[in-house]
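Student: Sharing a structure below in structure tokens format, with a few things to ask.
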Amino acid sequence: MILAINPTRMELLRLKKRHVLAIRGHKLLKDKQDVLVRKFLEIIEETKKLRIQADNEIQSVFQSYSIAEGVVGGAAIESLFAVPGAQTEVKFKTKTIMNLKAPEFEVEITGNPYNYGDEKSSILVDMCVKKFGNLLNTLLKLAELETTSILLAEEIEKTRRRVNVLEYILIPNINETIKYITMKLSEMERSNLTRLKKVKAMITSKKGGKK
Amino acid sequence: MNSGLFLAIAGAAIAVSLAGTGSAKGIGFVATAAAGAMSEDPKKFGKFILLVALPGTQGIYGFVMGFLTLQKIGLVTGQLVSLTLWQGLEVLFMNLPIAIAGLFSAIHQGKVCAAGVNLISKQEGEMGKALVMGVLVEFYAVLGLLVSIFIWMFLTF
Amino acid sequence: MLTYSPEFVENSEYAYAVARIRALETKLIDGAGYNSLITAPMDRFHPLFTEITGIRNNGSPDVHLLLKNLEESFTGHLYMIKSFILEDEIKRLISLEYDYELLKFIIKEEKFQNISIPYELSSRSNYSYPVLRSMLDFGHVLDTGEIMYNAYLSLKNTKVLTGNIIDNECDYSYYTELFQILFEYNNAFVTDFFVRKVDIRNIRTTLRLKIRGEKRTSIRDRFLPFGSIDIKFLEQGFDHNLEGFAAMIVFSPFSMILRNVDKKGDEENQVVQAEKLLEEDLVQYLKESIFVTFGIEPVLAYLWVKEVEVKNLRIILQAKAAGILPEEIKRYVRGLYG
């Protein structure tokens, strides 16, 4: 489609500049898209691994809690865990991947998680508490990766749309317009030349008539 | 009534009462143990009843000896013999073996049999062994009775 | 040791109780029973469990109902044992553990938040929960005993409380009162059982502190001075591995047990195994009560063995419900009796 501009030499110059810019932008965006896709695939792979790991960990934590409850007894384990010993604080930071703001979680456990007596508890309870702490880290890492992958997917979508717009609409349009303006300009030049020749002929014939 | 006769009757009374006390106490042990075991498994009554009855024999021995004494002094037939003090003492001492052996052996036999009840309630097949151990204690009550009867046989007025 | 005791056949008042205990002992679940429970497939597990233990779930597949019934059956056993025992102080002693558990709950409830008190604690205790609570509130020192009341007061007046402090303070008071009763009662078998229990607890605590990576000085806060192993041996063994630790307490019978632990796994699993073996040794010790014909020892031994049995069944139930493999479950089930 021809852009709605006046076919002047000024515009032509500007369009040519735009054309160069569009091609360079297209190249850059294409590169960005490639990098994003690569990054996305990496993160997806990592997420998949981490998800399996988290699944396993949840199962193992559940099993270890069951065993601990079996060894210690339901009433006793309720008493042991009645008073929370550790405070968890999740810190939120952002990091940038390709101009994209991705979240980063950091968990900080303060206090003593083993906040119970030694008489009724067992090493199995300790192991269970430790596994729960590890699980928290894994889950936060998983959340981080999943959010990042969603954000990346959106960004890829956006970039691809831009690339497509540039590739299939803007650049052809500019090309077409440049062609149109060039043609128009040369047309104008030709008609001008013709007119000048005509005028010259008329003037010559008048002069000749007078003589 | 003279003092000899008095001592003889006292001897019969001692034989029956001491041996009987021992038996009662012994049976008491075994019976409570058997009751405890049976409250979990009532089908074992047949196995326990022999053990429960075992300490009862001493009482019977005491009774037999007491009866023999009464017969010797003629109390059963109504024709009382007259005894000197020394003869009365002889009759009294004649009763002592079964009285004392009966008393202690019955109590200990009760304990052995109660332990036997524990054994049977844990291991059902071991009834014979439990019974043998009870009978071993019984042996000494029998010895007491034997000596008492020997004295009874050779004692003449 | 028991055979030297002069009263070992004299105390015939226990004839009924011991005979009944011997009959009950035959009903304890043996190794084959545990094995078939552990290896049973899930669809046949519940009927088999009811068949072996006699605990019903009324057709509901809910594990928690079974667990509740299991605890209730143990409470029933506790009442039965209490009815066998003639001495009042021993009746108090076997419920004392639950009294102090209740005390922990009462303090935690006061200081922190509303906590639901497990029903079985209230029913197994010498006092029920509301009774104990009001007695402590109104200061009935004579009813609760001075030691318990003092523990309550000191914890109530402490500003900064953690679960650790509450639990360990209550445990300390519990053992103080327990050993006071035992000192008056003077029964070698029962006293030795609790001394062993404290020893095992101290060894376990030391090993666990090492796994947690805490400092050596933390042993001192958690040590209970009622056992036969002095704290200095535990502190010396703290820096060593399990083998070295066993060498430090070589004078005690537990050294041999710790040496028998399989050294292949990582340190945590070694301690898990050590904990199991130590507890099994305690059961083995209770077996000695078979030499007592009339006396309180078999009665108490049965109660404590039953406790281990309930623990085993609880482990099997929970583990089965969580889908743990049979080989794994066997690592946790405690040793068997008789």
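Numbering starts fresh at 1 for the residues of each chain in the structure tokens, the chains themselves are lettered A, B, ... in the order given, and ligands are numbered from 1 as they appear.
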Distance table requested - chain C against chain B, cut-off 10 Å, only C-alpha atoms: one row per qualifying residue with the closest atom pair and its distance in Å to one decimal, ordered by chain and rising residue number, as a Markdown table.

Tutor:
| residue | atom | partner | partner_atom | distance |
| --- | --- | --- | --- | --- |
| C:Val9 | CA | B:Lys111 | CA | 7.6 |
| C:Glu10 | CA | B:Lys111 | CA | 8.7 |
| C:Ser12 | CA | B:Phe29 | CA | 7.1 |
| C:Glu13 | CA | B:Phe29 | CA | 8.2 |
| C:Tyr14 | CA | B:Ala33 | CA | 8.3 |
| C:Ala15 | CA | B:Ala33 | CA | 4.8 |
| C:Tyr16 | CA | B:Ala33 | CA | 4.1 |
| C:Ala17 | CA | B:Gly36 | CA | 6.2 |
| C:Val18 | CA | B:Ala33 | CA | 7.3 |
| C:Ala19 | CA | B:Ala37 | CA | 4.9 |
| C:Arg20 | CA | B:Ala37 | CA | 4.3 |
| C:Ile21 | CA | B:Ala37 | CA | 7.6 |
| C:Arg22 | CA | B:Lys122 | CA | 5.7 |
| C:Ala23 | CA | B:Ser121 | CA | 5.0 |
| C:Leu24 | CA | B:Glu40 | CA | 6.8 |
| C:Glu25 | CA | B:Lys122 | CA | 7.3 |
| C:Thr26 | CA | B:Lys122 | CA | 5.9 |
| C:Lys27 | CA | B:Glu40 | CA | 9.5 |
| C:Ile290 | CA | B:Asn118 | CA | 9.9 |
| C:Val292 | CA | B:Ala115 | CA | 9.2 |
| C:Thr293 | CA | B:Ala115 | CA | 5.8 |
| C:Phe294 | CA | B:Ala115 | CA | 8.1 |
| C:Gly338 | CA | B:Lys122 | CA | 9.7 |

Student: What residues in chain A have any atom no more than 10 Å from chain C when counting only C-alpha atoms, and can you write them as number ranges by chain?

Tutor: A: 59-60, 62-76, 78-85, 112, 114-124, 126-127, 130

Student: What gap, in Å, lies between CA of Tyr79 (chain C) and CA of Ser125 (chain C)?

Tutor: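 Distance between the two atoms: 10.5 Å.
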
Student: Run DSSP on the backbone and grab whatever in chain A lands in alpha helix (DSSP H); send it over as number ranges by chain.

Tutor: A: 9-72, 74-80, 123-164, 171-210

Student: Leu7 (chain B): which residues within 7 Å, counting only C-alpha atoms, same-chain residues fewer than 6 positions away excluded, as a list of chain:residue names?

Tutor: B:Gly88, B:Leu89, B:Leu92

Student: Can you pull out every residue within 8 Å of Leu29 (chain A), counting only C-alpha atoms, but drop anything in the same chain fewer than 2 positions away, and send it as a PDB file with all heavy atoms, in the first residue's frame?

Tutor:
ATOM      1  N   GLY A  25      16.181  -2.005  11.885  1.00  0.00           N
ATOM      2  CA  GLY A  25      15.318  -2.402  13.025  1.00  0.00           C
ATOM      3  C   GLY A  25      14.846  -3.824  12.883  1.00  0.00           C
ATOM      4  O   GLY A  25      14.837  -4.615  13.840  1.00  0.00           O
ATOM      5  N   HIS A  26      14.478  -4.177  11.652  1.00  0.00           N
ATOM      6  CA  HIS A  26      13.990  -5.534  11.402  1.00  0.00           C
ATOM      7  C   HIS A  26      15.062  -6.558  11.750  1.00  0.00           C
ATOM      8  O   HIS A  26      14.810  -7.557  12.410  1.00  0.00           O
ATOM      9  CB  HIS A  26      13.575  -5.650   9.940  1.00  0.00           C
ATOM     10  CG  HIS A  26      13.201  -7.038   9.553  1.00  0.00           C
ATOM     11  ND1 HIS A  26      13.981  -7.786   8.696  1.00  0.00           N
ATOM     12  CD2 HIS A  26      12.160  -7.821   9.921  1.00  0.00           C
ATOM     13  CE1 HIS A  26      13.432  -8.971   8.560  1.00  0.00           C
ATOM     14  NE2 HIS A  26      12.307  -9.015   9.289  1.00  0.00           N
ATOM     15  N   LYS A  27      16.283  -6.245  11.349  1.00  0.00           N
ATOM     16  CA  LYS A  27      17.370  -7.169  11.603  1.00  0.00           C
ATOM     17  C   LYS A  27      17.596  -7.333  13.119  1.00  0.00           C
ATOM     18  O   LYS A  27      17.692  -8.445  13.647  1.00  0.00           O
ATOM     19  CB  LYS A  27      18.649  -6.658  10.943  1.00  0.00           C
ATOM     20  CG  LYS A  27      19.720  -7.704  10.806  1.00  0.00           C
ATOM     21  CD  LYS A  27      20.865  -7.168   9.955  1.00  0.00           C
ATOM     22  CE  LYS A  27      22.110  -8.006  10.127  1.00  0.00           C
ATOM     23  NZ  LYS A  27      22.785  -7.731  11.393  1.00  0.00           N
ATOM     24  N   ASP A  31      17.077 -10.615  15.472  1.00  0.00           N
ATOM     25  CA  ASP A  31      18.110 -11.154  16.355  1.00  0.00           C
ATOM     26  C   ASP A  31      17.578 -11.320  17.767  1.00  0.00           C
ATOM     27  O   ASP A  31      17.775 -12.348  18.428  1.00  0.00           O
ATOM     28  CB  ASP A  31      19.329 -10.222  16.390  1.00  0.00           C
ATOM     29  CG  ASP A  31      20.153 -10.367  15.138  1.00  0.00           C
ATOM     30  OD1 ASP A  31      19.804 -11.274  14.347  1.00  0.00           O
ATOM     31  OD2 ASP A  31      21.108  -9.595  14.963  1.00  0.00           O
ATOM     32  N   LYS A  32      16.856 -10.288  18.219  1.00  0.00           N
ATOM     33  CA  LYS A  32      16.315 -10.321  19.580  1.00  0.00           C
ATOM     34  C   LYS A  32      15.374 -11.508  19.740  1.00  0.00           C
ATOM     35  O   LYS A  32      15.426 -12.240  20.735  1.00  0.00           O
ATOM     36  CB  LYS A  32      15.575  -9.018  19.871  1.00  0.00           C
ATOM     37  CG  LYS A  32      15.058  -8.930  21.289  1.00  0.00           C
ATOM     38  CD  LYS A  32      14.244  -7.683  21.497  1.00  0.00           C
ATOM     39  CE  LYS A  32      13.650  -7.685  22.888  1.00  0.00           C
ATOM     40  NZ  LYS A  32      12.743  -6.559  23.094  1.00  0.00           N
ATOM     41  N   GLN A  33      14.558 -11.680  18.714  1.00  0.00           N
ATOM     42  CA  GLN A  33      13.597 -12.788  18.782  1.00  0.00           C
ATOM     43  C   GLN A  33      14.325 -14.125  18.891  1.00  0.00           C
ATOM     44  O   GLN A  33      13.956 -14.977  19.695  1.00  0.00           O
ATOM     45  CB  GLN A  33      12.723 -12.758  17.541  1.00  0.00           C
ATOM     46  CG  GLN A  33      11.548 -13.709  17.611  1.00  0.00           C
ATOM     47  CD  GLN A  33      10.875 -13.858  16.266  1.00  0.00           C
ATOM     48  OE1 GLN A  33      11.161 -13.109  15.331  1.00  0.00           O
ATOM     49  NE2 GLN A  33       9.989 -14.817  16.184  1.00  0.00           N
ATOM     50  N   THR A 159       7.518  -9.366  20.096  1.00  0.00           N
ATOM     51  CA  THR A 159       8.632  -9.145  19.175  1.00  0.00           C
ATOM     52  C   THR A 159       8.316  -9.715  17.804  1.00  0.00           C
ATOM     53  O   THR A 159       8.588  -9.092  16.780  1.00  0.00           O
ATOM     54  CB  THR A 159       9.903  -9.807  19.718  1.00  0.00           C
ATOM     55  OG1 THR A 159      10.015  -9.508  21.088  1.00  0.00           O
ATOM     56  CG2 THR A 159      11.127  -9.325  18.998  1.00  0.00           C
ATOM     57  N   ARG A 162       6.104  -7.471  15.912  1.00  0.00           N
ATOM     58  CA  ARG A 162       6.840  -6.317  15.383  1.00  0.00           C
ATOM     59  C   ARG A 162       7.649  -6.713  14.146  1.00  0.00           C
ATOM     60  O   ARG A 162       7.648  -6.012  13.144  1.00  0.00           O
ATOM     61  CB  ARG A 162       7.793  -5.785  16.448  1.00  0.00           C
ATOM     62  CG  ARG A 162       7.090  -4.898  17.425  1.00  0.00           C
ATOM     63  CD  ARG A 162       8.090  -4.256  18.356  1.00  0.00           C
ATOM     64  NE  ARG A 162       7.399  -3.690  19.486  1.00  0.00           N
ATOM     65  CZ  ARG A 162       7.907  -3.600  20.696  1.00  0.00           C
ATOM     66  NH1 ARG A 162       9.110  -4.062  20.934  1.00  0.00           N
ATOM     67  NH2 ARG A 162       7.210  -3.058  21.664  1.00  0.00           N
ATOM     68  N   VAL A 163       8.318  -7.849  14.255  1.00  0.00           N
ATOM     69  CA  VAL A 163       9.125  -8.303  13.123  1.00  0.00           C
ATOM     70  C   VAL A 163       8.246  -8.490  11.905  1.00  0.00           C
ATOM     71  O   VAL A 163       8.574  -8.058  10.797  1.00  0.00           O
ATOM     72  CB  VAL A 163       9.850  -9.612  13.493  1.00  0.00           C
ATOM     73  CG1 VAL A 163      10.466 -10.243  12.265  1.00  0.00           C
ATOM     74  CG2 VAL A 163      10.903  -9.351  14.524  1.00  0.00           C
TER      75      VAL A 163
END
